[in-house]
Every structure is written in structure tokens, then in C-alpha cells.
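S.K.: Next comes model28.cif, mmCIF, C-alpha atoms, pLDDT in the B column; chains and numbers go by the auth columns:
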data_upload
loop_
_atom_site.group_PDB
_atom_site.id
_atom_site.type_symbol
_atom_site.label_atom_id
_atom_site.label_comp_id
_atom_site.label_asym_id
_atom_site.label_seq_id
_atom_site.Cartn_x
_atom_site.Cartn_y
_atom_site.Cartn_z
_atom_site.B_iso_or_equiv
_atom_site.auth_seq_id
_atom_site.auth_asym_id
ATOM 1 C CA GLU A 1 0.000 0.000 0.000 79.00 1 Y
ATOM 2 C CA ASP A 2 1.320 3.424 -0.979 84.00 2 Y
ATOM 3 C CA LYS A 3 2.254 5.660 1.940 91.00 3 Y
ATOM 4 C CA VAL A 4 3.137 9.346 2.364 95.00 4 Y
ATOM 5 C CA VAL A 5 4.443 10.723 5.665 97.00 5 Y
ATOM 6 C CA GLN A 6 4.826 14.412 6.359 98.00 6 Y
ATOM 7 C CA SER A 7 6.710 16.089 9.188 97.00 7 Y
ATOM 8 C CA PRO A 8 6.284 18.007 11.298 97.00 8 Y
ATOM 9 C CA LEU A 9 2.497 17.759 11.606 96.00 9 Y
ATOM 10 C CA SER A 10 2.374 21.291 12.962 97.00 10 Y
ATOM 11 C CA LEU A 11 4.807 24.177 13.140 97.00 11 Y
ATOM 12 C CA VAL A 12 4.623 27.666 14.616 98.00 12 Y
ATOM 13 C CA VAL A 13 7.223 30.264 13.597 97.00 13 Y
ATOM 14 C CA HIS A 14 7.589 34.031 13.505 97.00 14 Y
ATOM 15 C CA GLU A 15 7.210 36.191 10.450 97.00 15 Y
ATOM 16 C CA GLY A 16 10.477 36.392 8.555 97.00 16 Y
ATOM 17 C CA ASP A 17 11.692 32.937 9.565 98.00 17 Y
ATOM 18 C CA THR A 18 12.604 30.240 7.060 98.00 18 Y
ATOM 19 C CA VAL A 19 10.805 26.903 7.299 98.00 19 Y
ATOM 20 C CA THR A 20 11.441 23.474 5.829 98.00 20 Y
ATOM 21 C CA LEU A 21 8.637 20.953 5.506 98.00 21 Y
ATOM 22 C CA ASN A 22 9.374 17.287 4.912 98.00 22 Y
ATOM 23 C CA CYS A 23 7.662 14.563 2.945 98.00 23 Y
ATOM 24 C CA SER A 24 8.732 10.931 2.610 97.00 24 Y
ATOM 25 C CA TYR A 25 7.013 8.284 0.554 96.00 25 Y
ATOM 26 C CA GLU A 26 6.777 4.604 -0.200 93.00 26 Y
ATOM 27 C CA VAL A 27 5.048 3.990 -3.497 88.00 27 Y
ATOM 28 C CA THR A 28 5.220 1.467 -6.282 85.00 28 Y
ATOM 29 C CA ASN A 29 5.928 2.800 -9.743 85.00 29 Y
ATOM 30 C CA PHE A 30 6.591 6.415 -8.697 89.00 30 Y
ATOM 31 C CA ARG A 31 5.477 8.986 -11.263 89.00 31 Y
ATOM 32 C CA SER A 32 5.474 12.365 -9.495 91.00 32 Y
ATOM 33 C CA LEU A 33 5.312 14.201 -6.180 95.00 33 Y
ATOM 34 C CA LEU A 34 3.068 17.224 -5.718 95.00 34 Y
ATOM 35 C CA TRP A 35 2.795 19.944 -3.087 97.00 35 Y
ATOM 36 C CA TYR A 36 -0.481 21.715 -2.325 97.00 36 Y
ATOM 37 C CA LYS A 37 -1.402 24.628 -0.033 97.00 37 Y
ATOM 38 C CA GLN A 38 -4.751 24.408 1.765 96.00 38 Y
ATOM 39 C CA GLU A 39 -5.741 27.712 3.369 93.00 39 Y
ATOM 40 C CA LYS A 40 -9.457 27.346 3.905 83.00 40 Y
ATOM 41 C CA LYS A 41 -10.969 24.480 1.992 85.00 41 Y
ATOM 42 C CA ALA A 42 -9.642 24.106 -1.571 91.00 42 Y
ATOM 43 C CA PRO A 43 -6.081 22.759 -1.845 94.00 43 Y
ATOM 44 C CA THR A 44 -4.236 24.852 -4.410 94.00 44 Y
ATOM 45 C CA PHE A 45 -1.382 23.464 -6.500 94.00 45 Y
ATOM 46 C CA LEU A 46 2.168 24.607 -5.747 96.00 46 Y
ATOM 47 C CA PHE A 47 4.666 22.273 -7.416 94.00 47 Y
ATOM 48 C CA MET A 48 5.007 19.009 -9.285 94.00 48 Y
ATOM 49 C CA LEU A 49 8.330 17.178 -9.134 94.00 49 Y
ATOM 50 C CA THR A 50 9.224 14.291 -11.394 90.00 50 Y
ATOM 51 C CA SER A 51 12.304 12.346 -12.363 80.00 51 Y
ATOM 52 C CA SER A 52 12.978 14.950 -15.040 76.00 52 Y
ATOM 53 C CA GLY A 53 12.301 17.953 -12.814 74.00 53 Y
ATOM 54 C CA ILE A 54 13.602 17.453 -9.304 85.00 54 Y
ATOM 55 C CA GLU A 55 13.825 21.095 -8.261 90.00 55 Y
ATOM 56 C CA LYS A 56 11.228 23.834 -8.554 92.00 56 Y
ATOM 57 C CA LYS A 57 11.131 27.444 -7.350 94.00 57 Y
ATOM 58 C CA SER A 58 8.479 30.119 -7.259 94.00 58 Y
ATOM 59 C CA GLY A 59 9.208 33.307 -5.393 96.00 59 Y
ATOM 60 C CA ARG A 60 9.923 32.494 -1.758 98.00 60 Y
ATOM 61 C CA LEU A 61 8.879 28.853 -2.166 98.00 61 Y
ATOM 62 C CA SER A 62 11.105 26.094 -3.447 97.00 62 Y
ATOM 63 C CA SER A 63 11.017 22.322 -3.450 97.00 63 Y
ATOM 64 C CA ILE A 64 13.468 19.518 -4.083 96.00 64 Y
ATOM 65 C CA LEU A 65 12.872 15.841 -4.798 95.00 65 Y
ATOM 66 C CA ASP A 66 15.391 13.268 -3.586 94.00 66 Y
ATOM 67 C CA LYS A 67 14.558 10.066 -5.426 89.00 67 Y
ATOM 68 C CA LYS A 68 17.330 8.175 -3.718 90.00 68 Y
ATOM 69 C CA GLU A 69 16.002 9.007 -0.252 91.00 69 Y
ATOM 70 C CA LEU A 70 12.360 8.826 -1.414 94.00 70 Y
ATOM 71 C CA SER A 71 11.645 12.235 0.020 96.00 71 Y
ATOM 72 C CA SER A 72 11.014 15.863 -0.743 97.00 72 Y
ATOM 73 C CA ILE A 73 11.328 19.151 1.082 97.00 73 Y
ATOM 74 C CA LEU A 74 9.367 22.363 0.710 98.00 74 Y
ATOM 75 C CA ASN A 75 11.217 25.516 1.745 98.00 75 Y
ATOM 76 C CA ILE A 76 9.598 28.844 2.476 98.00 76 Y
ATOM 77 C CA THR A 77 11.913 31.798 3.069 98.00 77 Y
ATOM 78 C CA ALA A 78 11.039 35.156 4.680 98.00 78 Y
ATOM 79 C CA THR A 79 7.693 33.778 5.813 98.00 79 Y
ATOM 80 C CA GLN A 80 4.617 36.009 5.937 97.00 80 Y
ATOM 81 C CA THR A 81 1.331 35.606 7.813 96.00 81 Y
ATOM 82 C CA GLY A 82 -0.305 34.767 4.494 96.00 82 Y
ATOM 83 C CA ASP A 83 1.805 31.610 4.354 97.00 83 Y
ATOM 84 C CA SER A 84 -0.209 30.184 7.254 98.00 84 Y
ATOM 85 C CA ALA A 85 -1.954 27.103 5.891 97.00 85 Y
ATOM 86 C CA ILE A 86 -1.882 23.334 5.745 97.00 86 Y
ATOM 87 C CA TYR A 87 0.728 22.111 3.265 98.00 87 Y
ATOM 88 C CA LEU A 88 -0.130 18.791 1.651 97.00 88 Y
ATOM 89 C CA CYS A 89 2.279 16.415 -0.027 97.00 89 Y
ATOM 90 C CA ALA A 90 0.906 13.887 -2.508 95.00 90 Y
ATOM 91 C CA VAL A 91 2.455 11.186 -4.634 93.00 91 Y
ATOM 92 C CA ALA A 92 1.254 9.724 -7.917 90.00 92 Y
ATOM 93 C CA GLY A 93 2.238 6.113 -8.341 84.00 93 Y
ATOM 94 C CA GLY A 94 0.918 2.651 -8.834 72.00 94 Y
ATOM 95 C CA GLY A 95 -0.669 1.573 -12.036 63.00 95 Y
ATOM 96 C CA GLY A 96 -3.803 2.879 -13.585 61.00 96 Y
ATOM 97 C CA ALA A 97 -6.363 5.048 -11.857 64.00 97 Y
ATOM 98 C CA ASP A 98 -5.058 5.177 -8.320 71.00 98 Y
ATOM 99 C CA GLY A 99 -5.283 8.954 -8.050 77.00 99 Y
ATOM 100 C CA LEU A 100 -2.920 10.710 -5.673 88.00 100 Y
ATOM 101 C CA THR A 101 -1.898 9.400 -2.243 91.00 101 Y
ATOM 102 C CA PHE A 102 -1.768 12.221 0.289 94.00 102 Y
ATOM 103 C CA GLY A 103 0.046 12.738 3.568 96.00 103 Y
ATOM 104 C CA LYS A 104 -1.713 14.164 6.625 96.00 104 Y
ATOM 105 C CA GLY A 105 -0.279 17.596 5.954 96.00 105 Y
ATOM 106 C CA THR A 106 1.810 20.093 7.923 97.00 106 Y
ATOM 107 C CA HIS A 107 -0.178 22.810 9.664 97.00 107 Y
ATOM 108 C CA LEU A 108 2.030 25.906 9.456 98.00 108 Y
ATOM 109 C CA ILE A 109 1.233 28.979 11.556 98.00 109 Y
ATOM 110 C CA ILE A 110 3.154 32.211 11.016 97.00 110 Y
ATOM 111 C CA GLN A 111 2.954 34.584 13.949 96.00 111 Y
ATOM 112 C CA PRO A 112 3.378 38.341 13.341 93.00 112 Y
ATOM 113 C CA GLU B 1 -11.789 30.557 -8.052 54.00 113 A
ATOM 114 C CA THR B 2 -10.094 27.347 -9.083 63.00 114 A
ATOM 115 C CA GLY B 3 -12.391 26.444 -11.960 93.00 115 A
ATOM 116 C CA VAL B 4 -14.005 23.677 -9.911 96.00 116 A
ATOM 117 C CA THR B 5 -17.250 24.619 -8.190 96.00 117 A
ATOM 118 C CA GLN B 6 -18.923 22.568 -5.475 97.00 118 A
ATOM 119 C CA THR B 7 -22.374 22.975 -3.956 97.00 119 A
ATOM 120 C CA PRO B 8 -23.570 23.158 -1.310 97.00 120 A
ATOM 121 C CA ARG B 9 -20.679 24.541 0.758 96.00 121 A
ATOM 122 C CA HIS B 10 -22.211 23.204 3.953 96.00 122 A
ATOM 123 C CA LEU B 11 -24.708 20.402 4.549 96.00 123 A
ATOM 124 C CA VAL B 12 -26.282 19.058 7.717 95.00 124 A
ATOM 125 C CA MET B 13 -28.317 15.900 7.359 92.00 125 A
ATOM 126 C CA GLY B 14 -29.902 13.233 9.463 89.00 126 A
ATOM 127 C CA MET B 15 -29.045 9.578 9.098 87.00 127 A
ATOM 128 C CA THR B 16 -32.251 8.811 7.201 87.00 128 A
ATOM 129 C CA ASN B 17 -31.987 11.675 4.701 88.00 129 A
ATOM 130 C CA LYS B 18 -31.054 11.487 1.024 93.00 130 A
ATOM 131 C CA LYS B 19 -28.977 14.326 -0.347 95.00 131 A
ATOM 132 C CA SER B 20 -26.614 14.975 -3.251 97.00 132 A
ATOM 133 C CA LEU B 21 -23.356 16.867 -3.585 98.00 133 A
ATOM 134 C CA LYS B 22 -22.671 18.582 -6.891 98.00 134 A
ATOM 135 C CA CYS B 23 -19.393 19.389 -8.601 98.00 135 A
ATOM 136 C CA GLU B 24 -18.849 21.271 -11.855 97.00 136 A
ATOM 137 C CA GLN B 25 -15.522 21.900 -13.572 96.00 137 A
ATOM 138 C CA HIS B 26 -15.055 24.727 -16.066 94.00 138 A
ATOM 139 C CA LEU B 27 -11.567 23.701 -17.185 95.00 139 A
ATOM 140 C CA GLY B 28 -12.318 21.262 -19.976 94.00 140 A
ATOM 141 C CA HIS B 29 -10.642 18.475 -18.026 94.00 141 A
ATOM 142 C CA ASN B 30 -11.011 14.773 -18.761 91.00 142 A
ATOM 143 C CA ALA B 31 -11.072 13.212 -15.307 92.00 143 A
ATOM 144 C CA MET B 32 -12.945 13.952 -12.087 94.00 144 A
ATOM 145 C CA TYR B 33 -12.449 12.712 -8.537 94.00 145 A
ATOM 146 C CA TRP B 34 -14.159 12.572 -5.157 95.00 146 A
ATOM 147 C CA TYR B 35 -11.948 12.768 -2.057 95.00 147 A
ATOM 148 C CA LYS B 36 -12.913 12.637 1.614 96.00 148 A
ATOM 149 C CA GLN B 37 -10.979 14.727 4.160 96.00 149 A
ATOM 150 C CA SER B 38 -11.534 13.865 7.821 94.00 150 A
ATOM 151 C CA ALA B 39 -9.887 15.582 10.760 89.00 151 A
ATOM 152 C CA LYS B 40 -6.294 14.445 11.326 84.00 152 A
ATOM 153 C CA LYS B 41 -6.421 11.986 8.410 91.00 153 A
ATOM 154 C CA PRO B 42 -4.997 12.211 4.904 93.00 154 A
ATOM 155 C CA LEU B 43 -7.270 12.893 1.961 94.00 155 A
ATOM 156 C CA GLU B 44 -8.856 9.588 0.963 92.00 156 A
ATOM 157 C CA LEU B 45 -9.667 8.853 -2.656 91.00 157 A
ATOM 158 C CA MET B 46 -13.255 7.683 -3.080 93.00 158 A
ATOM 159 C CA PHE B 47 -14.048 7.610 -6.789 93.00 159 A
ATOM 160 C CA VAL B 48 -12.362 8.404 -10.088 92.00 160 A
ATOM 161 C CA TYR B 49 -14.079 9.077 -13.399 92.00 161 A
ATOM 162 C CA SER B 50 -12.087 9.133 -16.617 88.00 162 A
ATOM 163 C CA LEU B 51 -13.917 10.363 -19.711 83.00 163 A
ATOM 164 C CA GLU B 52 -17.184 9.862 -17.827 81.00 164 A
ATOM 165 C CA GLU B 53 -16.446 6.228 -16.968 84.00 165 A
ATOM 166 C CA ARG B 54 -15.850 5.166 -13.385 84.00 166 A
ATOM 167 C CA VAL B 55 -12.363 3.705 -13.155 81.00 167 A
ATOM 168 C CA GLU B 56 -11.834 3.518 -9.429 72.00 168 A
ATOM 169 C CA ASN B 57 -14.013 2.727 -6.449 70.00 169 A
ATOM 170 C CA ASN B 58 -11.860 2.614 -3.360 71.00 170 A
ATOM 171 C CA SER B 59 -13.936 0.230 -1.251 83.00 171 A
ATOM 172 C CA VAL B 60 -16.438 2.959 -0.527 92.00 172 A
ATOM 173 C CA PRO B 61 -19.670 1.913 1.244 93.00 173 A
ATOM 174 C CA SER B 62 -22.726 1.703 -0.971 92.00 174 A
ATOM 175 C CA ARG B 63 -24.395 4.547 0.931 95.00 175 A
ATOM 176 C CA PHE B 64 -22.189 6.763 -1.283 96.00 176 A
ATOM 177 C CA SER B 65 -23.210 6.631 -4.936 95.00 177 A
ATOM 178 C CA PRO B 66 -21.373 8.692 -7.583 95.00 178 A
ATOM 179 C CA GLU B 67 -22.761 9.839 -10.900 95.00 179 A
ATOM 180 C CA CYS B 68 -20.967 11.487 -13.817 95.00 180 A
ATOM 181 C CA PRO B 69 -23.497 12.484 -16.492 94.00 181 A
ATOM 182 C CA ASN B 70 -20.908 14.323 -18.612 93.00 182 A
ATOM 183 C CA SER B 71 -17.283 15.401 -18.463 90.00 183 A
ATOM 184 C CA SER B 72 -18.088 18.645 -16.632 95.00 184 A
ATOM 185 C CA HIS B 73 -20.375 17.412 -13.877 96.00 185 A
ATOM 186 C CA LEU B 74 -19.972 14.991 -11.012 97.00 186 A
ATOM 187 C CA PHE B 75 -22.432 14.128 -8.261 97.00 187 A
ATOM 188 C CA LEU B 76 -22.179 12.232 -5.024 97.00 188 A
ATOM 189 C CA HIS B 77 -25.513 10.854 -3.843 97.00 189 A
ATOM 190 C CA LEU B 78 -25.773 10.253 -0.115 96.00 190 A
ATOM 191 C CA HIS B 79 -28.218 7.889 1.591 94.00 191 A
ATOM 192 C CA THR B 80 -28.518 6.652 5.196 93.00 192 A
ATOM 193 C CA LEU B 81 -25.161 8.046 6.234 93.00 193 A
ATOM 194 C CA GLN B 82 -23.516 7.499 9.609 94.00 194 A
ATOM 195 C CA PRO B 83 -22.108 10.162 11.958 94.00 195 A
ATOM 196 C CA GLU B 84 -18.568 8.984 11.094 94.00 196 A
ATOM 197 C CA ASP B 85 -19.220 10.086 7.505 96.00 197 A
ATOM 198 C CA SER B 86 -19.047 13.700 8.672 96.00 198 A
ATOM 199 C CA ALA B 87 -16.118 15.229 6.782 97.00 199 A
ATOM 200 C CA LEU B 88 -15.082 17.644 4.055 97.00 200 A
ATOM 201 C CA TYR B 89 -15.851 16.164 0.640 98.00 201 A
ATOM 202 C CA LEU B 90 -13.591 17.526 -2.067 97.00 202 A
ATOM 203 C CA CYS B 91 -14.092 17.270 -5.785 97.00 203 A
ATOM 204 C CA ALA B 92 -11.140 17.558 -8.156 96.00 204 A
ATOM 205 C CA SER B 93 -10.467 17.424 -11.870 95.00 205 A
ATOM 206 C CA SER B 94 -7.408 16.833 -14.017 93.00 206 A
ATOM 207 C CA GLN B 95 -6.549 17.450 -17.652 90.00 207 A
ATOM 208 C CA ASP B 96 -4.523 14.260 -17.936 82.00 208 A
ATOM 209 C CA LEU B 97 -6.167 10.911 -17.488 80.00 209 A
ATOM 210 C CA PRO B 98 -5.555 8.954 -14.282 79.00 210 A
ATOM 211 C CA GLY B 99 -2.232 7.173 -14.405 77.00 211 A
ATOM 212 C CA ALA B 100 -0.606 9.744 -16.676 79.00 212 A
ATOM 213 C CA ASP B 101 2.820 11.089 -15.772 75.00 213 A
ATOM 214 C CA ASN B 102 1.544 14.657 -15.398 75.00 214 A
ATOM 215 C CA GLU B 103 -1.633 13.857 -13.479 82.00 215 A
ATOM 216 C CA LYS B 104 -2.263 17.127 -11.606 89.00 216 A
ATOM 217 C CA LEU B 105 -5.468 17.739 -9.670 93.00 217 A
ATOM 218 C CA PHE B 106 -7.386 20.988 -9.302 94.00 218 A
ATOM 219 C CA PHE B 107 -9.702 21.031 -6.304 96.00 219 A
ATOM 220 C CA GLY B 108 -12.999 22.658 -5.471 96.00 220 A
ATOM 221 C CA SER B 109 -13.686 24.284 -2.113 95.00 221 A
ATOM 222 C CA GLY B 110 -15.486 21.237 -0.816 96.00 222 A
ATOM 223 C CA THR B 111 -18.742 20.475 0.943 97.00 223 A
ATOM 224 C CA GLN B 112 -18.501 20.370 4.735 97.00 224 A
ATOM 225 C CA LEU B 113 -20.898 17.574 5.689 96.00 225 A
ATOM 226 C CA SER B 114 -22.267 16.962 9.164 95.00 226 A
ATOM 227 C CA VAL B 115 -24.353 13.843 9.823 94.00 227 A
ATOM 228 C CA LEU B 116 -26.471 13.982 12.953 91.00 228 A
#
Could you rewrite the structure in this file as C-alpha cells?

M.R.:
Amino acid sequence: EDKVVQSPLSLVVHEGDTVTLNCSYEVTNFRSLLWYKQEKKAPTFLFMLTSSGIEKKSGRLSSILDKKELSSILNITATQTGDSAIYLCAVAGGGGADGLTFGKGTHLIIQP
Amino acid sequence: ETGVTQTPRHLVMGMTNKKSLKCEQHLGHNAMYWYKQSAKKPLELMFVYSLEERVENNSVPSRFSPECPNSSHLFLHLHTLQPEDSALYLCASSQDLPGADNEKLFFGSGTQLSVL
């Protein structure tokens, strides 16, 4: 059974700090790893990492895939209160229509 | 606005009620999904539709019945639910078909369901 584990489950930091969120996975036939941000209800897409694209960056957010260690990190620099959210890691794998397997998420709180 | 619209946003129902959740995607995507999000648990895949055909049913109890009348609409019919079914039900769509290398989901805002 495919498995995605995120750590920490919750994190409280001050505005301006840098945070690193972790995601490890066990999946058969790995295809991609995705990061989502869930602020209220709808998870919104951040990054997709594949064997051909193991590092992505967008503004203050960046993510790296380590296929050897079966893990990924999501970095947020110079955090702002608007970064407060649940960050979800998901992995696409298996064969056929298995959808994405999600971790429990990291609840990030940025204090002013 | 993500291009995926879900109604209602909130729903309270008794265990003997019948209700339906509706999802509409305006993105021209080819696949649609139902996920369940319970407190302190990962999102759980319930159903997958690819080109309007159901391709995945993840051991979901029969009190949940999906329907996909066309590529833009997806319903989840609810009947005789249990209190443990209370959760956020998220609909998603993807351009690529399930199993594709670039399968990327776009989510709606969900229906927060409470079963009394």
C-alpha cells in the first residue's frame, strides 16, 4: 500500500523565519510528487516534481525531490502571515487510476 | 476561483436523509475525482471518473453513490449516512487521465458535511 508521511504535523514560527517541511514516501511505480497549499478548503497546486524535474522554485517557495532518499522538502523563506496554511504532499504512483496518495499535511502557523 | 465549483458549501443531514453533492468543472478536463478529508487523516480517494467512466471505487460503502453524467459534472448521492461520515468532501479534476505522468489535480472548495 502506498504511503506518504509528512513532518512536522504542525509548526509555529515568527514572520520572517525560514521553514522546511518534509515529505517521505513509499510507493510502487513512482510517477510524481506534488505539493499543495490548503488555506481554507480548496487545496491549491504549488509544485510538481518528477524524475525529469527534481527542483522547482516560485518566489519564496522552493522544493526539491530526492529520489534516492524517497523524500522531498518544501522551503519557504522570509515567511509572511499569508503563508499560514496546511501544506499537503501527494504522490502519484501505482498503475492505472489510483489517483494521488496524500500525507496528513503540515499545519504551518506564522505569527506576526 | 479554481475552476471547480462545489455545492452546497455546507450540509447538515440526518441519518435517514437522502442528499446529493454537486461538482462542476469549467476547465475542460477529462477526469474527475471525489476525495474525503476527515480531521487528522490524509485525503482519501473515493471515486475516479475518466472520460465519464468510473475507473476507481476505493472500497467505498454503498451509501455513497457517484454519478458522472458528462465530463463537466460529477455528483455524489448520499443515503442513510452514519455520523462517522461527517467530513469535508472535495471534488477535483485533471486534464490528464488517471495514471498519466503529469496527473495534476485541481480542487474545489469542498462540501462540509455533518451527519447527525

S.K.: Can you list, as a PDB file with C-alpha atoms, in the coordinates of the input, the residues that the PyMOL selection byres ((chain Y) within 12 of (chain A)) selects here?

M.R.:
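Final output, selection-v7.pdb:
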ATOM      1  CA  LYS Y   3       2.254   5.660   1.940  1.00 91.00           C
ATOM      2  CA  VAL Y   4       3.137   9.346   2.364  1.00 95.00           C
ATOM      3  CA  VAL Y   5       4.443  10.723   5.665  1.00 97.00           C
ATOM      4  CA  GLN Y   6       4.826  14.412   6.359  1.00 98.00           C
ATOM      5  CA  LEU Y   9       2.497  17.759  11.606  1.00 96.00           C
ATOM      6  CA  SER Y  10       2.374  21.291  12.962  1.00 97.00           C
ATOM      7  CA  ASN Y  29       5.928   2.800  -9.743  1.00 85.00           C
ATOM      8  CA  PHE Y  30       6.591   6.415  -8.697  1.00 89.00           C
ATOM      9  CA  ARG Y  31       5.477   8.986 -11.263  1.00 89.00           C
ATOM     10  CA  SER Y  32       5.474  12.365  -9.495  1.00 91.00           C
ATOM     11  CA  LEU Y  33       5.312  14.201  -6.180  1.00 95.00           C
ATOM     12  CA  LEU Y  34       3.068  17.224  -5.718  1.00 95.00           C
ATOM     13  CA  TRP Y  35       2.795  19.944  -3.087  1.00 97.00           C
ATOM     14  CA  TYR Y  36      -0.481  21.715  -2.325  1.00 97.00           C
ATOM     15  CA  LYS Y  37      -1.402  24.628  -0.033  1.00 97.00           C
ATOM     16  CA  GLN Y  38      -4.751  24.408   1.765  1.00 96.00           C
ATOM     17  CA  GLU Y  39      -5.741  27.712   3.369  1.00 93.00           C
ATOM     18  CA  LYS Y  40      -9.457  27.346   3.905  1.00 83.00           C
ATOM     19  CA  LYS Y  41     -10.969  24.480   1.992  1.00 85.00           C
ATOM     20  CA  ALA Y  42      -9.642  24.106  -1.571  1.00 91.00           C
ATOM     21  CA  PRO Y  43      -6.081  22.759  -1.845  1.00 94.00           C
ATOM     22  CA  THR Y  44      -4.236  24.852  -4.410  1.00 94.00           C
ATOM     23  CA  PHE Y  45      -1.382  23.464  -6.500  1.00 94.00           C
ATOM     24  CA  LEU Y  46       2.168  24.607  -5.747  1.00 96.00           C
ATOM     25  CA  PHE Y  47       4.666  22.273  -7.416  1.00 94.00           C
ATOM     26  CA  MET Y  48       5.007  19.009  -9.285  1.00 94.00           C
ATOM     27  CA  LEU Y  49       8.330  17.178  -9.134  1.00 94.00           C
ATOM     28  CA  THR Y  50       9.224  14.291 -11.394  1.00 90.00           C
ATOM     29  CA  SER Y  51      12.304  12.346 -12.363  1.00 80.00           C
ATOM     30  CA  SER Y  52      12.978  14.950 -15.040  1.00 76.00           C
ATOM     31  CA  GLY Y  53      12.301  17.953 -12.814  1.00 74.00           C
ATOM     32  CA  ILE Y  86      -1.882  23.334   5.745  1.00 97.00           C
ATOM     33  CA  TYR Y  87       0.728  22.111   3.265  1.00 98.00           C
ATOM     34  CA  LEU Y  88      -0.130  18.791   1.651  1.00 97.00           C
ATOM     35  CA  CYS Y  89       2.279  16.415  -0.027  1.00 97.00           C
ATOM     36  CA  ALA Y  90       0.906  13.887  -2.508  1.00 95.00           C
ATOM     37  CA  VAL Y  91       2.455  11.186  -4.634  1.00 93.00           C
ATOM     38  CA  ALA Y  92       1.254   9.724  -7.917  1.00 90.00           C
ATOM     39  CA  GLY Y  93       2.238   6.113  -8.341  1.00 84.00           C
ATOM     40  CA  GLY Y  94       0.918   2.651  -8.834  1.00 72.00           C
ATOM     41  CA  GLY Y  95      -0.669   1.573 -12.036  1.00 63.00           C
ATOM     42  CA  GLY Y  96      -3.803   2.879 -13.585  1.00 61.00           C
ATOM     43  CA  ALA Y  97      -6.363   5.048 -11.857  1.00 64.00           C
ATOM     44  CA  ASP Y  98      -5.058   5.177  -8.320  1.00 71.00           C
ATOM     45  CA  GLY Y  99      -5.283   8.954  -8.050  1.00 77.00           C
ATOM     46  CA  LEU Y 100      -2.920  10.710  -5.673  1.00 88.00           C
ATOM     47  CA  THR Y 101      -1.898   9.400  -2.243  1.00 91.00           C
ATOM     48  CA  PHE Y 102      -1.768  12.221   0.289  1.00 94.00           C
ATOM     49  CA  GLY Y 103       0.046  12.738   3.568  1.00 96.00           C
ATOM     50  CA  LYS Y 104      -1.713  14.164   6.625  1.00 96.00           C
ATOM     51  CA  GLY Y 105      -0.279  17.596   5.954  1.00 96.00           C
ATOM     52  CA  THR Y 106       1.810  20.093   7.923  1.00 97.00           C
ATOM     53  CA  HIS Y 107      -0.178  22.810   9.664  1.00 97.00           C
TER      54      HIS Y 107
END

S.K.: Could you work out how far CA of Lys131 in chain A lies from CA of Ala143 in chain A, giving the answer in Å with one decimal?

M.R.: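 Separation of CA of Ala143 in chain A and CA of Lys131 in chain A: 23.4 Å.
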
S.K.: Rounded to one decimal, what separation in Å do you get between CA of Leu186 in chain A and CA of Ser171 in chain A?

M.R.: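 Spanning CA of Leu186 in chain A to CA of Ser171 in chain A is a straight-line distance of 18.7 Å.
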
S.K.: Could you tell me how far CA of Glu196 in chain A sits from CA of Arg175 in chain A, in Å to one decimal place?

M.R.: 12.5 Å

S.K.: Could you list the residues chosen by the PyMOL selection byres ((chain A and resi 192) around 9) in this structure as a PyMOL selection string?

M.R.: chain A and resi 126-130+175+190-191+193-194

S.K.: Please write as a ChimeraX atom specification the full residue list that the PyMOL selection byres ((chain Y and resi 110) around 9) yields on this file.

M.R.: /Y:11-17,79-85,108-109,111-112

S.K.: Would you compute an axis-aligned box for range 199-208 of chain A, covering every atom listed for it in the file with 8 Å of margin on each side, and report centre and edge lengths in Å to one decimal as lines of an AutoDock Vina configuration file?

M.R.:
center_x = -10.3
center_y = 16.0
center_z = -5.6
size_x = 27.6
size_y = 19.4
size_z = 40.7

S.K.: Pick from A:Glu164, A:Leu133, A:Val124, A:Leu228: nearest to Trp146 in chain A, with only C-alpha atoms counted?

M.R.: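 With only C-alpha atoms as the atom set, the closest residue is A:Leu133.
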
S.K.: Hey, which of Y:Ser7, Y:Ser63, Y:Thr18, Y:Ser24 ends up closest to Thr77 in chain Y? Count all atoms listed in the file.

M.R.: Y:Thr18

S.K.: Can you pull out the residues contacting Phe176 in chain A? Cut-off 7 Å, using all atoms listed in the file, and skip same-chain residues under 2 positions away; I want them as a list in words.

M.R.: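 Listed by chain and then number, they are Val172, Pro173, Ser174, Pro178, Leu188, His189, Leu190 and His191 of chain A.
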
S.K.: My structure is short of atoms at range 204-215 of chain A; please model N, CA and C atoms there, returning them as a compact mmCIF listing (two decimals), in the frame of the given file.

M.R.:
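Below you can see rebuild.txt, which holds the result:
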# COMPACT_ATOMS: atom_id res chain seq x y z
N ALA A 204 -12.31 17.09 -7.41
CA ALA A 204 -11.14 17.56 -8.16
C ALA A 204 -11.26 17.13 -9.61
N SER A 205 -10.52 17.82 -10.47
CA SER A 205 -10.47 17.42 -11.87
C SER A 205 -9.03 17.49 -12.34
N SER A 206 -8.74 16.77 -13.42
CA SER A 206 -7.41 16.83 -14.02
C SER A 206 -7.51 16.77 -15.53
N GLN A 207 -6.61 17.47 -16.19
CA GLN A 207 -6.55 17.45 -17.65
C GLN A 207 -6.13 16.07 -18.14
N ASP A 208 -5.04 15.57 -17.54
CA ASP A 208 -4.52 14.26 -17.94
C ASP A 208 -5.37 13.15 -17.32
N LEU A 209 -5.41 12.04 -17.99
CA LEU A 209 -6.17 10.91 -17.49
C LEU A 209 -5.45 10.27 -16.31
N PRO A 210 -6.18 9.63 -15.43
CA PRO A 210 -5.56 8.95 -14.28
C PRO A 210 -4.47 7.99 -14.74
N GLY A 211 -3.35 8.04 -14.05
CA GLY A 211 -2.23 7.17 -14.40
C GLY A 211 -1.22 7.84 -15.32
N ALA A 212 -1.54 9.03 -15.82
CA ALA A 212 -0.61 9.74 -16.68
C ALA A 212 0.53 10.33 -15.85
N ASP A 213 1.66 10.57 -16.50
CA ASP A 213 2.82 11.09 -15.77
C ASP A 213 2.57 12.47 -15.18
N ASN A 214 1.76 13.28 -15.87
CA ASN A 214 1.54 14.66 -15.40
C ASN A 214 0.19 14.84 -14.76
N GLU A 215 -0.33 13.77 -14.14
CA GLU A 215 -1.63 13.86 -13.48
C GLU A 215 -1.56 14.91 -12.38
